[in-house]
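J.: This structure is in C-alpha cells; I'll ask about it shortly.
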Amino acid sequence: MKTFLEKFSEADAIVIGAGAGLSTVAGFTYAKERFARYFSDFEHKYGFHDMYSGGFYPYRSPEEHWAYWSRYIYINRYMDAPNPTYRILFDLVKDKNYFVITTNVDHQFQKAGFDKNRLFYTQGDYGLFQCSTPCHEQTYDNEMIIQKMVEAQGYTITEDKELVLPEGTMPKMSVPSSLVPHCPRCGEWMSMNLRADRTFVEDEGWNEVAQRYDAFLKQHRNSRIVFIELGVGMNTPGIIKYPFWRMTAQNPGSFYACVNAGEAFCPEEIADRSLCLNKDINEVLR
C-alpha cells in the first residue's frame, strides 16, 4: 500500500476504471430491500426478484414496460447514491490530472463533481433515450418525461428527489399512452441508450469523449501513470481490465491498482508494479 501511495502522489496522470462493483458499494443494489421498496408489485405479478431480471421481462404493453423502466431509471439515475463513495473518490483525485472510463450508466461520477469532459461512459446512460431502430445516431435527455411517468403512477418526488407514495396506496403499473416515448423522426418506440445489442447509438458526445480519452492515454503512455480499477468484474474485461493490464505492461513507469472484493488479481508480468486488494472499496477509499 505504501508503494501505491507513493506512486499515486508522484503520478503525472491517473486513470480510473470503474465497473458495477463501485456503484454497488455506493448503495445502488438491484435486489433485496431496495428492489422490494420500489418493485414489490411487479415481483408479485411476474415472479422476478431483482431489477436486472425485470429489465428484460416481456411486458404485456408499452405502457407497462415504461411503468417499470421509469421507476428503474429514476431511482438509479436521478436519485443520489445512498453512500458517499463517489464523492470520497472525487476528493482523492480532484486535484490530479485524471480521466475516468466506466461501464456504469448511472451518472454518479458527474453528480459527485467529476469533470464531464474527463468521463467516458462506454456503455451509455440511463438518462438518455434513442430510437429503437435506430433510424439516426442521436440521443435525447429523458429526465422530464421520466418524472412525468413516475408521477403518473402515483409517486411524489420530494425536494431530495426521493420517490414516495401516499400512505396506504399502491402505485399504478402502467403509464398513460401519451407518455410512451416515440422517435421524433420515424415514429418507432424509443429505447434506452444502453449497449445491450447492435442498436446502441454512439452519438456525437460519445465519440468526442472517446477521442479525448484516447488522446489522454497517448499523451501519457510514457509518463508516470497510475491505473486504478474499481469494482470491475469479468463480464466485459476487454473494456477496462485487459487494456489496463496491457498499458501497464508496456510502460515501465506505470502502476496498476485493483480493488474488488473477491476478484482482485493481475498477470504475473505486472505483479511487481501492481496492488490487488480483495477488500471493500469504501473501506479502501476511506
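Identifiers in this document derive from the order of the C-alpha cells: chains are assigned A, B, ..., residues are numbered from 1 separately in each chain, and ligands are numbered from 1 in order of occurrence.
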Running DSSP on the backbone, which parts of stretch 24-221 of chain A land in strand (DSSP E), as a VMD selection string?
T.: chain A and resid 98 to 102 119 to 121 124 to 131 140 to 141 156 to 157 163 to 164 190 to 194
J.: Keeping only N, CA, C and O atoms, write those residues as a compact mmCIF listing (two decimals), in the first residue's frame.
T.:
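So the final result, stored in out_22.txt, reads:
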```txt
# COMPACT_ATOMS: atom_id res chain seq x y z
N TYR A 98 -6.60 13.59 -14.10
CA TYR A 98 -7.28 12.30 -14.15
C TYR A 98 -8.15 12.16 -15.39
O TYR A 98 -8.52 13.13 -16.04
N PHE A 99 -8.51 10.91 -15.67
CA PHE A 99 -9.55 10.58 -16.64
C PHE A 99 -10.25 9.33 -16.12
O PHE A 99 -9.64 8.49 -15.46
N VAL A 100 -11.55 9.23 -16.40
CA VAL A 100 -12.35 8.10 -15.94
C VAL A 100 -12.94 7.37 -17.14
O VAL A 100 -13.51 8.00 -18.04
N ILE A 101 -12.83 6.06 -17.14
CA ILE A 101 -13.57 5.22 -18.08
C ILE A 101 -14.42 4.27 -17.25
O ILE A 101 -13.95 3.66 -16.29
N THR A 102 -15.71 4.18 -17.60
CA THR A 102 -16.60 3.35 -16.80
C THR A 102 -17.65 2.65 -17.66
O THR A 102 -18.08 3.17 -18.68
N LEU A 119 -14.87 12.13 -18.48
CA LEU A 119 -15.65 10.93 -18.17
C LEU A 119 -16.06 10.23 -19.46
O LEU A 119 -16.72 10.82 -20.31
N PHE A 120 -15.68 8.98 -19.59
CA PHE A 120 -16.05 8.19 -20.75
C PHE A 120 -17.00 7.09 -20.33
O PHE A 120 -16.60 6.08 -19.75
N TYR A 121 -18.32 7.31 -20.57
CA TYR A 121 -19.34 6.31 -20.28
C TYR A 121 -19.47 5.40 -21.50
O TYR A 121 -20.23 5.68 -22.42
N GLY A 124 -23.23 3.75 -22.28
CA GLY A 124 -24.44 4.53 -22.38
C GLY A 124 -24.79 5.25 -21.09
O GLY A 124 -23.96 5.44 -20.21
N ASP A 125 -26.07 5.63 -20.98
CA ASP A 125 -26.51 6.47 -19.86
C ASP A 125 -28.01 6.24 -19.67
O ASP A 125 -28.79 6.37 -20.61
N TYR A 126 -28.42 5.89 -18.43
CA TYR A 126 -29.84 5.76 -18.14
C TYR A 126 -30.62 7.03 -18.44
O TYR A 126 -31.84 7.00 -18.61
N GLY A 127 -29.94 8.16 -18.48
CA GLY A 127 -30.60 9.44 -18.68
C GLY A 127 -30.84 9.80 -20.13
O GLY A 127 -31.27 10.93 -20.42
N LEU A 128 -30.59 8.87 -21.05
CA LEU A 128 -30.73 9.17 -22.47
C LEU A 128 -31.64 8.15 -23.17
O LEU A 128 -31.54 6.94 -22.93
N PHE A 129 -32.50 8.65 -24.04
CA PHE A 129 -33.26 7.82 -24.97
C PHE A 129 -32.59 7.83 -26.34
O PHE A 129 -31.82 8.75 -26.67
N GLN A 130 -32.90 6.83 -27.14
CA GLN A 130 -32.51 6.78 -28.54
C GLN A 130 -33.61 6.08 -29.31
O GLN A 130 -34.47 5.42 -28.73
N CYS A 131 -33.61 6.22 -30.62
CA CYS A 131 -34.55 5.48 -31.44
C CYS A 131 -34.23 3.99 -31.34
O CYS A 131 -33.06 3.59 -31.38
N TYR A 140 -31.42 11.59 -26.57
CA TYR A 140 -32.31 12.61 -26.04
C TYR A 140 -32.39 12.50 -24.52
O TYR A 140 -32.60 11.40 -23.98
N ASP A 141 -32.24 13.63 -23.84
CA ASP A 141 -32.39 13.65 -22.39
C ASP A 141 -33.81 13.21 -22.00
O ASP A 141 -34.79 13.62 -22.64
N THR A 156 -44.86 10.73 -5.59
CA THR A 156 -44.50 12.13 -5.40
C THR A 156 -42.98 12.21 -5.32
O THR A 156 -42.34 11.37 -4.68
N ILE A 157 -42.40 13.23 -5.95
CA ILE A 157 -40.96 13.44 -5.90
C ILE A 157 -40.68 14.52 -4.86
O ILE A 157 -41.17 15.65 -4.98
N LEU A 163 -38.57 9.16 -4.15
CA LEU A 163 -39.91 8.76 -4.57
C LEU A 163 -40.71 8.29 -3.37
O LEU A 163 -40.26 7.40 -2.63
N VAL A 164 -41.89 8.88 -3.16
CA VAL A 164 -42.74 8.44 -2.05
C VAL A 164 -44.16 8.25 -2.55
O VAL A 164 -44.59 8.90 -3.51
N MET A 190 -39.03 4.66 -28.65
CA MET A 190 -37.70 4.97 -28.17
C MET A 190 -37.24 3.83 -27.26
O MET A 190 -38.05 3.08 -26.71
N SER A 191 -35.93 3.72 -27.10
CA SER A 191 -35.36 2.75 -26.17
C SER A 191 -34.29 3.45 -25.36
O SER A 191 -33.95 4.60 -25.60
N MET A 192 -33.75 2.73 -24.38
CA MET A 192 -32.68 3.29 -23.57
C MET A 192 -31.38 3.29 -24.36
O MET A 192 -31.12 2.39 -25.16
N ASN A 193 -30.55 4.29 -24.12
CA ASN A 193 -29.23 4.34 -24.73
C ASN A 193 -28.27 3.49 -23.90
O ASN A 193 -27.42 3.98 -23.17
N LEU A 194 -28.45 2.18 -24.01
CA LEU A 194 -27.64 1.21 -23.28
C LEU A 194 -27.08 0.19 -24.27
O LEU A 194 -27.79 -0.27 -25.16
```
J.: Neighbouring residues of A:Cys135 were defined as those with any atom within 10 Å, considering only C-alpha atoms; residues of the same chain fewer than 5 positions away were excluded. Please report them as a list of chain:residue names.
T.: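 Counting only C-alpha atoms, the residues come to A:Gln130, A:Cys183, A:Arg185, A:Cys186, A:Gly187, A:Glu188, A:Thr199, A:Val201.
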J.: Applying 10 Å and only C-alpha atoms, which residues near A:Gln108 remain after dropping the ones on its own chain fewer than 5 positions away? List them as a list in words.
T.: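 Listed by chain and then number, they are Ser23, Ala26, Asn76, Arg77, Tyr78, Met79, Asp80, Ala81, Thr85, Tyr86, Arg87, Gly113 and Phe114 of chain A.
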J.: Taking into account only C-alpha atoms, which residue in the set A:Ala257, A:Val232, A:Leu179, A:Val209 is nearest to A:Leu277?
T.: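 Ranking A:Ala257, A:Val232, A:Leu179, A:Val209 by distance to A:Leu277, first place goes to A:Ala257.
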J.: One decimal, in Å: what's the spacing between atom CA of A:Val105 and atom CA of A:Gln123?
T.: 6.6 Å
J.: Check the DSSP output for the backbone and give back, as a PDB file with N, CA and C atoms, in the first residue's frame, the residues of stretch 30-224 of chain A in helix (DSSP H, G or I).
T.:
```
ATOM      1  N   LYS A  32     -33.119  -7.447  -3.247  1.00  0.00           N
ATOM      2  CA  LYS A  32     -33.462  -7.432  -1.830  1.00  0.00           C
ATOM      3  C   LYS A  32     -34.255  -6.184  -1.437  1.00  0.00           C
ATOM      4  N   GLU A  33     -33.839  -5.489  -0.361  1.00  0.00           N
ATOM      5  CA  GLU A  33     -34.672  -4.435   0.229  1.00  0.00           C
ATOM      6  C   GLU A  33     -34.952  -3.306  -0.748  1.00  0.00           C
ATOM      7  N   ARG A  34     -33.930  -2.879  -1.499  1.00  0.00           N
ATOM      8  CA  ARG A  34     -34.121  -1.755  -2.418  1.00  0.00           C
ATOM      9  C   ARG A  34     -35.049  -2.148  -3.571  1.00  0.00           C
ATOM     10  N   PHE A  35     -34.912  -3.367  -4.048  1.00  0.00           N
ATOM     11  CA  PHE A  35     -35.813  -3.858  -5.089  1.00  0.00           C
ATOM     12  C   PHE A  35     -37.247  -3.932  -4.563  1.00  0.00           C
ATOM     13  N   ALA A  36     -37.415  -4.493  -3.365  1.00  0.00           N
ATOM     14  CA  ALA A  36     -38.753  -4.652  -2.795  1.00  0.00           C
ATOM     15  C   ALA A  36     -39.425  -3.304  -2.558  1.00  0.00           C
ATOM     16  N   ARG A  37     -38.641  -2.287  -2.206  1.00  0.00           N
ATOM     17  CA  ARG A  37     -39.213  -0.976  -1.904  1.00  0.00           C
ATOM     18  C   ARG A  37     -39.913  -0.374  -3.121  1.00  0.00           C
ATOM     19  N   TYR A  38     -39.349  -0.592  -4.303  1.00  0.00           N
ATOM     20  CA  TYR A  38     -39.885   0.069  -5.488  1.00  0.00           C
ATOM     21  C   TYR A  38     -40.587  -0.862  -6.481  1.00  0.00           C
ATOM     22  N   PHE A  39     -40.393  -2.181  -6.328  1.00  0.00           N
ATOM     23  CA  PHE A  39     -40.923  -3.096  -7.346  1.00  0.00           C
ATOM     24  C   PHE A  39     -41.656  -4.298  -6.778  1.00  0.00           C
ATOM     25  N   SER A  40     -42.160  -4.221  -5.554  1.00  0.00           N
ATOM     26  CA  SER A  40     -42.842  -5.375  -4.968  1.00  0.00           C
ATOM     27  C   SER A  40     -44.081  -5.760  -5.765  1.00  0.00           C
ATOM     28  N   ASP A  41     -44.741  -4.771  -6.402  1.00  0.00           N
ATOM     29  CA  ASP A  41     -45.923  -5.085  -7.202  1.00  0.00           C
ATOM     30  C   ASP A  41     -45.556  -5.878  -8.447  1.00  0.00           C
ATOM     31  N   PHE A  42     -44.468  -5.504  -9.105  1.00  0.00           N
ATOM     32  CA  PHE A  42     -44.009  -6.260 -10.271  1.00  0.00           C
ATOM     33  C   PHE A  42     -43.501  -7.641  -9.858  1.00  0.00           C
ATOM     34  N   GLU A  43     -42.836  -7.720  -8.723  1.00  0.00           N
ATOM     35  CA  GLU A  43     -42.358  -9.019  -8.235  1.00  0.00           C
ATOM     36  C   GLU A  43     -43.541  -9.947  -7.972  1.00  0.00           C
ATOM     37  N   HIS A  44     -44.570  -9.421  -7.335  1.00  0.00           N
ATOM     38  CA  HIS A  44     -45.747 -10.245  -7.031  1.00  0.00           C
ATOM     39  C   HIS A  44     -46.445 -10.708  -8.307  1.00  0.00           C
ATOM     40  N   LYS A  45     -46.531  -9.837  -9.307  1.00  0.00           N
ATOM     41  CA  LYS A  45     -47.267 -10.165 -10.522  1.00  0.00           C
ATOM     42  C   LYS A  45     -46.488 -11.093 -11.441  1.00  0.00           C
ATOM     43  N   TYR A  46     -45.169 -10.901 -11.543  1.00  0.00           N
ATOM     44  CA  TYR A  46     -44.395 -11.627 -12.553  1.00  0.00           C
ATOM     45  C   TYR A  46     -43.345 -12.590 -11.993  1.00  0.00           C
ATOM     46  N   MET A  51     -33.994  -6.142 -10.057  1.00  0.00           N
ATOM     47  CA  MET A  51     -34.250  -5.141 -11.094  1.00  0.00           C
ATOM     48  C   MET A  51     -33.717  -5.573 -12.448  1.00  0.00           C
ATOM     49  N   TYR A  52     -32.556  -6.200 -12.436  1.00  0.00           N
ATOM     50  CA  TYR A  52     -31.935  -6.596 -13.702  1.00  0.00           C
ATOM     51  C   TYR A  52     -32.843  -7.555 -14.473  1.00  0.00           C
ATOM     52  N   SER A  53     -33.370  -8.554 -13.797  1.00  0.00           N
ATOM     53  CA  SER A  53     -34.269  -9.509 -14.452  1.00  0.00           C
ATOM     54  C   SER A  53     -35.521  -8.812 -14.964  1.00  0.00           C
ATOM     55  N   GLY A  54     -36.047  -7.881 -14.179  1.00  0.00           N
ATOM     56  CA  GLY A  54     -37.234  -7.162 -14.598  1.00  0.00           C
ATOM     57  C   GLY A  54     -37.022  -6.312 -15.831  1.00  0.00           C
ATOM     58  N   GLY A  55     -35.776  -5.881 -16.041  1.00  0.00           N
ATOM     59  CA  GLY A  55     -35.471  -5.078 -17.214  1.00  0.00           C
ATOM     60  C   GLY A  55     -35.595  -5.842 -18.518  1.00  0.00           C
ATOM     61  N   PRO A  62     -46.547  -1.533 -23.948  1.00  0.00           N
ATOM     62  CA  PRO A  62     -45.526  -0.496 -23.758  1.00  0.00           C
ATOM     63  C   PRO A  62     -45.821   0.370 -22.537  1.00  0.00           C
ATOM     64  N   GLU A  63     -47.106   0.532 -22.192  1.00  0.00           N
ATOM     65  CA  GLU A  63     -47.454   1.327 -21.016  1.00  0.00           C
ATOM     66  C   GLU A  63     -46.935   0.669 -19.731  1.00  0.00           C
ATOM     67  N   GLU A  64     -46.998  -0.660 -19.680  1.00  0.00           N
ATOM     68  CA  GLU A  64     -46.485  -1.377 -18.518  1.00  0.00           C
ATOM     69  C   GLU A  64     -44.962  -1.416 -18.545  1.00  0.00           C
ATOM     70  N   HIS A  65     -44.390  -1.611 -19.724  1.00  0.00           N
ATOM     71  CA  HIS A  65     -42.930  -1.597 -19.898  1.00  0.00           C
ATOM     72  C   HIS A  65     -42.340  -0.310 -19.339  1.00  0.00           C
ATOM     73  N   TRP A  66     -42.939   0.815 -19.684  1.00  0.00           N
ATOM     74  CA  TRP A  66     -42.382   2.103 -19.258  1.00  0.00           C
ATOM     75  C   TRP A  66     -42.723   2.426 -17.814  1.00  0.00           C
ATOM     76  N   ALA A  67     -43.762   1.812 -17.266  1.00  0.00           N
ATOM     77  CA  ALA A  67     -44.000   1.956 -15.829  1.00  0.00           C
ATOM     78  C   ALA A  67     -42.826   1.352 -15.067  1.00  0.00           C
ATOM     79  N   TYR A  68     -42.422   0.152 -15.485  1.00  0.00           N
ATOM     80  CA  TYR A  68     -41.277  -0.495 -14.832  1.00  0.00           C
ATOM     81  C   TYR A  68     -40.002   0.307 -15.064  1.00  0.00           C
ATOM     82  N   TRP A  69     -39.732   0.623 -16.325  1.00  0.00           N
ATOM     83  CA  TRP A  69     -38.460   1.259 -16.651  1.00  0.00           C
ATOM     84  C   TRP A  69     -38.347   2.677 -16.121  1.00  0.00           C
ATOM     85  N   SER A  70     -39.441   3.399 -16.024  1.00  0.00           N
ATOM     86  CA  SER A  70     -39.349   4.758 -15.494  1.00  0.00           C
ATOM     87  C   SER A  70     -38.949   4.732 -14.025  1.00  0.00           C
ATOM     88  N   ARG A  71     -39.489   3.794 -13.251  1.00  0.00           N
ATOM     89  CA  ARG A  71     -39.051   3.656 -11.853  1.00  0.00           C
ATOM     90  C   ARG A  71     -37.568   3.270 -11.805  1.00  0.00           C
ATOM     91  N   TYR A  72     -37.228   2.301 -12.622  1.00  0.00           N
ATOM     92  CA  TYR A  72     -35.849   1.788 -12.677  1.00  0.00           C
ATOM     93  C   TYR A  72     -34.871   2.916 -12.989  1.00  0.00           C
ATOM     94  N   ILE A  73     -35.188   3.694 -14.018  1.00  0.00           N
ATOM     95  CA  ILE A  73     -34.316   4.795 -14.423  1.00  0.00           C
ATOM     96  C   ILE A  73     -34.253   5.854 -13.332  1.00  0.00           C
ATOM     97  N   TYR A  74     -35.413   6.196 -12.779  1.00  0.00           N
ATOM     98  CA  TYR A  74     -35.423   7.293 -11.814  1.00  0.00           C
ATOM     99  C   TYR A  74     -34.556   6.976 -10.594  1.00  0.00           C
ATOM    100  N   ILE A  75     -34.742   5.810 -10.010  1.00  0.00           N
ATOM    101  CA  ILE A  75     -34.026   5.527  -8.758  1.00  0.00           C
ATOM    102  C   ILE A  75     -32.542   5.263  -8.978  1.00  0.00           C
ATOM    103  N   ASN A  76     -32.157   4.844 -10.196  1.00  0.00           N
ATOM    104  CA  ASN A  76     -30.762   4.530 -10.461  1.00  0.00           C
ATOM    105  C   ASN A  76     -30.020   5.619 -11.241  1.00  0.00           C
ATOM    106  N   ARG A  77     -30.715   6.696 -11.581  1.00  0.00           N
ATOM    107  CA  ARG A  77     -30.068   7.775 -12.337  1.00  0.00           C
ATOM    108  C   ARG A  77     -30.305   9.141 -11.716  1.00  0.00           C
ATOM    109  N   TYR A  78     -31.518   9.389 -11.271  1.00  0.00           N
ATOM    110  CA  TYR A  78     -31.846  10.734 -10.797  1.00  0.00           C
ATOM    111  C   TYR A  78     -31.850  10.864  -9.279  1.00  0.00           C
ATOM    112  N   THR A  85     -19.602   7.144  -1.648  1.00  0.00           N
ATOM    113  CA  THR A  85     -18.437   6.528  -2.271  1.00  0.00           C
ATOM    114  C   THR A  85     -17.845   7.387  -3.390  1.00  0.00           C
ATOM    115  N   TYR A  86     -18.690   7.856  -4.297  1.00  0.00           N
ATOM    116  CA  TYR A  86     -18.207   8.627  -5.435  1.00  0.00           C
ATOM    117  C   TYR A  86     -17.627   9.972  -4.997  1.00  0.00           C
ATOM    118  N   ARG A  87     -18.225  10.583  -3.992  1.00  0.00           N
ATOM    119  CA  ARG A  87     -17.705  11.868  -3.518  1.00  0.00           C
ATOM    120  C   ARG A  87     -16.349  11.696  -2.846  1.00  0.00           C
ATOM    121  N   ILE A  88     -16.183  10.602  -2.109  1.00  0.00           N
ATOM    122  CA  ILE A  88     -14.892  10.325  -1.476  1.00  0.00           C
ATOM    123  C   ILE A  88     -13.829  10.125  -2.554  1.00  0.00           C
ATOM    124  N   LEU A  89     -14.166   9.383  -3.599  1.00  0.00           N
ATOM    125  CA  LEU A  89     -13.233   9.157  -4.691  1.00  0.00           C
ATOM    126  C   LEU A  89     -12.869  10.476  -5.373  1.00  0.00           C
ATOM    127  N   PHE A  90     -13.865  11.324  -5.588  1.00  0.00           N
ATOM    128  CA  PHE A  90     -13.596  12.612  -6.221  1.00  0.00           C
ATOM    129  C   PHE A  90     -12.651  13.459  -5.378  1.00  0.00           C
ATOM    130  N   ASP A  91     -12.846  13.470  -4.075  1.00  0.00           N
ATOM    131  CA  ASP A  91     -11.968  14.251  -3.197  1.00  0.00           C
ATOM    132  C   ASP A  91     -10.521  13.777  -3.288  1.00  0.00           C
ATOM    133  N   LEU A  92     -10.323  12.497  -3.569  1.00  0.00           N
ATOM    134  CA  LEU A  92      -8.966  11.957  -3.669  1.00  0.00           C
ATOM    135  C   LEU A  92      -8.266  12.360  -4.957  1.00  0.00           C
ATOM    136  N   VAL A  93      -9.025  12.599  -6.026  1.00  0.00           N
ATOM    137  CA  VAL A  93      -8.392  12.840  -7.327  1.00  0.00           C
ATOM    138  C   VAL A  93      -8.679  14.213  -7.917  1.00  0.00           C
ATOM    139  N   GLN A 108     -23.237   8.733 -11.769  1.00  0.00           N
ATOM    140  CA  GLN A 108     -22.826   9.122 -10.423  1.00  0.00           C
ATOM    141  C   GLN A 108     -21.482   9.858 -10.384  1.00  0.00           C
ATOM    142  N   PHE A 109     -20.625   9.614 -11.337  1.00  0.00           N
ATOM    143  CA  PHE A 109     -19.361  10.362 -11.366  1.00  0.00           C
ATOM    144  C   PHE A 109     -19.626  11.855 -11.529  1.00  0.00           C
ATOM    145  N   GLN A 110     -20.438  12.197 -12.497  1.00  0.00           N
ATOM    146  CA  GLN A 110     -20.705  13.608 -12.760  1.00  0.00           C
ATOM    147  C   GLN A 110     -21.458  14.245 -11.596  1.00  0.00           C
ATOM    148  N   LYS A 111     -22.371  13.522 -10.979  1.00  0.00           N
ATOM    149  CA  LYS A 111     -23.108  14.060  -9.844  1.00  0.00           C
ATOM    150  C   LYS A 111     -22.199  14.301  -8.653  1.00  0.00           C
ATOM    151  N   ALA A 112     -21.102  13.545  -8.563  1.00  0.00           N
ATOM    152  CA  ALA A 112     -20.165  13.712  -7.451  1.00  0.00           C
ATOM    153  C   ALA A 112     -19.191  14.863  -7.672  1.00  0.00           C
ATOM    154  N   LYS A 116     -17.167  16.456 -16.551  1.00  0.00           N
ATOM    155  CA  LYS A 116     -17.826  15.644 -17.575  1.00  0.00           C
ATOM    156  C   LYS A 116     -16.952  15.449 -18.808  1.00  0.00           C
ATOM    157  N   ASN A 117     -15.999  16.346 -19.033  1.00  0.00           N
ATOM    158  CA  ASN A 117     -15.096  16.215 -20.175  1.00  0.00           C
ATOM    159  C   ASN A 117     -14.010  15.173 -19.937  1.00  0.00           C
ATOM    160  N   ARG A 118     -13.957  14.652 -18.717  1.00  0.00           N
ATOM    161  CA  ARG A 118     -12.969  13.623 -18.377  1.00  0.00           C
ATOM    162  C   ARG A 118     -13.658  12.319 -17.978  1.00  0.00           C
ATOM    163  N   GLU A 143     -35.041  13.165 -18.515  1.00  0.00           N
ATOM    164  CA  GLU A 143     -35.396  13.449 -17.122  1.00  0.00           C
ATOM    165  C   GLU A 143     -36.845  13.898 -16.960  1.00  0.00           C
ATOM    166  N   MET A 144     -37.299  14.833 -17.775  1.00  0.00           N
ATOM    167  CA  MET A 144     -38.646  15.374 -17.596  1.00  0.00           C
ATOM    168  C   MET A 144     -39.725  14.319 -17.841  1.00  0.00           C
ATOM    169  N   ILE A 145     -39.561  13.518 -18.895  1.00  0.00           N
ATOM    170  CA  ILE A 145     -40.594  12.531 -19.194  1.00  0.00           C
ATOM    171  C   ILE A 145     -40.567  11.387 -18.185  1.00  0.00           C
ATOM    172  N   ILE A 146     -39.383  11.043 -17.686  1.00  0.00           N
ATOM    173  CA  ILE A 146     -39.302  10.008 -16.652  1.00  0.00           C
ATOM    174  C   ILE A 146     -40.008  10.484 -15.387  1.00  0.00           C
ATOM    175  N   GLN A 147     -39.828  11.733 -15.016  1.00  0.00           N
ATOM    176  CA  GLN A 147     -40.520  12.272 -13.852  1.00  0.00           C
ATOM    177  C   GLN A 147     -42.033  12.212 -14.051  1.00  0.00           C
ATOM    178  N   LYS A 148     -42.500  12.562 -15.249  1.00  0.00           N
ATOM    179  CA  LYS A 148     -43.939  12.514 -15.523  1.00  0.00           C
ATOM    180  C   LYS A 148     -44.457  11.083 -15.421  1.00  0.00           C
ATOM    181  N   MET A 149     -43.674  10.123 -15.876  1.00  0.00           N
ATOM    182  CA  MET A 149     -44.102   8.725 -15.817  1.00  0.00           C
ATOM    183  C   MET A 149     -44.257   8.237 -14.386  1.00  0.00           C
ATOM    184  N   VAL A 150     -43.271   8.529 -13.520  1.00  0.00           N
ATOM    185  CA  VAL A 150     -43.376   8.044 -12.142  1.00  0.00           C
ATOM    186  C   VAL A 150     -44.489   8.776 -11.396  1.00  0.00           C
ATOM    187  N   GLU A 151     -44.677  10.044 -11.695  1.00  0.00           N
ATOM    188  CA  GLU A 151     -45.775  10.776 -11.060  1.00  0.00           C
ATOM    189  C   GLU A 151     -47.128  10.253 -11.521  1.00  0.00           C
ATOM    190  N   ALA A 152     -47.209   9.835 -12.792  1.00  0.00           N
ATOM    191  CA  ALA A 152     -48.467   9.275 -13.307  1.00  0.00           C
ATOM    192  C   ALA A 152     -48.811   7.950 -12.641  1.00  0.00           C
ATOM    193  N   SER A 177     -50.776   6.251 -22.265  1.00  0.00           N
ATOM    194  CA  SER A 177     -50.237   6.025 -23.617  1.00  0.00           C
ATOM    195  C   SER A 177     -49.565   7.271 -24.166  1.00  0.00           C
ATOM    196  N   SER A 178     -50.030   8.430 -23.741  1.00  0.00           N
ATOM    197  CA  SER A 178     -49.461   9.688 -24.237  1.00  0.00           C
ATOM    198  C   SER A 178     -48.022   9.892 -23.784  1.00  0.00           C
ATOM    199  N   LEU A 179     -47.586   9.155 -22.747  1.00  0.00           N
ATOM    200  CA  LEU A 179     -46.220   9.292 -22.249  1.00  0.00           C
ATOM    201  C   LEU A 179     -45.259   8.263 -22.836  1.00  0.00           C
ATOM    202  N   GLU A 204     -22.702  11.944 -31.033  1.00  0.00           N
ATOM    203  CA  GLU A 204     -21.591  12.882 -31.173  1.00  0.00           C
ATOM    204  C   GLU A 204     -20.836  13.060 -29.858  1.00  0.00           C
ATOM    205  N   GLY A 205     -21.570  13.181 -28.750  1.00  0.00           N
ATOM    206  CA  GLY A 205     -20.934  13.345 -27.455  1.00  0.00           C
ATOM    207  C   GLY A 205     -20.110  12.130 -27.073  1.00  0.00           C
ATOM    208  N   TRP A 206     -20.638  10.917 -27.355  1.00  0.00           N
ATOM    209  CA  TRP A 206     -19.909   9.683 -27.057  1.00  0.00           C
ATOM    210  C   TRP A 206     -18.596   9.658 -27.829  1.00  0.00           C
ATOM    211  N   ASN A 207     -18.633   9.984 -29.099  1.00  0.00           N
ATOM    212  CA  ASN A 207     -17.436   9.934 -29.920  1.00  0.00           C
ATOM    213  C   ASN A 207     -16.414  11.001 -29.524  1.00  0.00           C
ATOM    214  N   GLU A 208     -16.890  12.163 -29.116  1.00  0.00           N
ATOM    215  CA  GLU A 208     -15.962  13.217 -28.700  1.00  0.00           C
ATOM    216  C   GLU A 208     -15.182  12.808 -27.455  1.00  0.00           C
ATOM    217  N   VAL A 209     -15.861  12.232 -26.467  1.00  0.00           N
ATOM    218  CA  VAL A 209     -15.152  11.855 -25.245  1.00  0.00           C
ATOM    219  C   VAL A 209     -14.284  10.624 -25.481  1.00  0.00           C
ATOM    220  N   ALA A 210     -14.675   9.751 -26.395  1.00  0.00           N
ATOM    221  CA  ALA A 210     -13.824   8.614 -26.750  1.00  0.00           C
ATOM    222  C   ALA A 210     -12.502   9.105 -27.325  1.00  0.00           C
ATOM    223  N   GLN A 211     -12.573  10.123 -28.141  1.00  0.00           N
ATOM    224  CA  GLN A 211     -11.361  10.701 -28.724  1.00  0.00           C
ATOM    225  C   GLN A 211     -10.505  11.381 -27.660  1.00  0.00           C
ATOM    226  N   ARG A 212     -11.154  12.066 -26.700  1.00  0.00           N
ATOM    227  CA  ARG A 212     -10.397  12.713 -25.626  1.00  0.00           C
ATOM    228  C   ARG A 212      -9.698  11.675 -24.755  1.00  0.00           C
ATOM    229  N   TYR A 213     -10.385  10.571 -24.474  1.00  0.00           N
ATOM    230  CA  TYR A 213      -9.777   9.509 -23.673  1.00  0.00           C
ATOM    231  C   TYR A 213      -8.576   8.912 -24.394  1.00  0.00           C
ATOM    232  N   ASP A 214      -8.730   8.645 -25.680  1.00  0.00           N
ATOM    233  CA  ASP A 214      -7.627   8.097 -26.472  1.00  0.00           C
ATOM    234  C   ASP A 214      -6.438   9.058 -26.498  1.00  0.00           C
ATOM    235  N   ALA A 215      -6.720  10.357 -26.644  1.00  0.00           N
ATOM    236  CA  ALA A 215      -5.654  11.348 -26.672  1.00  0.00           C
ATOM    237  C   ALA A 215      -4.950  11.430 -25.324  1.00  0.00           C
ATOM    238  N   PHE A 216      -5.704  11.317 -24.235  1.00  0.00           N
ATOM    239  CA  PHE A 216      -5.129  11.345 -22.883  1.00  0.00           C
ATOM    240  C   PHE A 216      -4.162  10.177 -22.691  1.00  0.00           C
ATOM    241  N   LEU A 217      -4.588   8.995 -23.122  1.00  0.00           N
ATOM    242  CA  LEU A 217      -3.727   7.819 -22.986  1.00  0.00           C
ATOM    243  C   LEU A 217      -2.456   7.953 -23.827  1.00  0.00           C
ATOM    244  N   LYS A 218      -2.588   8.444 -25.040  1.00  0.00           N
ATOM    245  CA  LYS A 218      -1.416   8.614 -25.902  1.00  0.00           C
ATOM    246  C   LYS A 218      -0.462   9.656 -25.330  1.00  0.00           C
ATOM    247  N   GLN A 219      -1.003  10.728 -24.780  1.00  0.00           N
ATOM    248  CA  GLN A 219      -0.173  11.784 -24.215  1.00  0.00           C
ATOM    249  C   GLN A 219       0.672  11.273 -23.051  1.00  0.00           C
TER     250      GLN A 219
END
```
J.: At what distance in Å, to one decimal, does atom CA of A:Asp272 lie from atom CA of A:Thr3?
T.: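 Taking atom CA of A:Thr3 as the start and atom CA of A:Asp272 as the end point, the length is 10.5 Å.
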J.: Looking at only C-alpha atoms, which of A:Cys276, A:Ala13, A:Ile225, A:Met1 is the one that sits closest to A:Ala264?
T.: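 Of the candidates, the smallest distance to A:Ala264 is held by A:Cys276.
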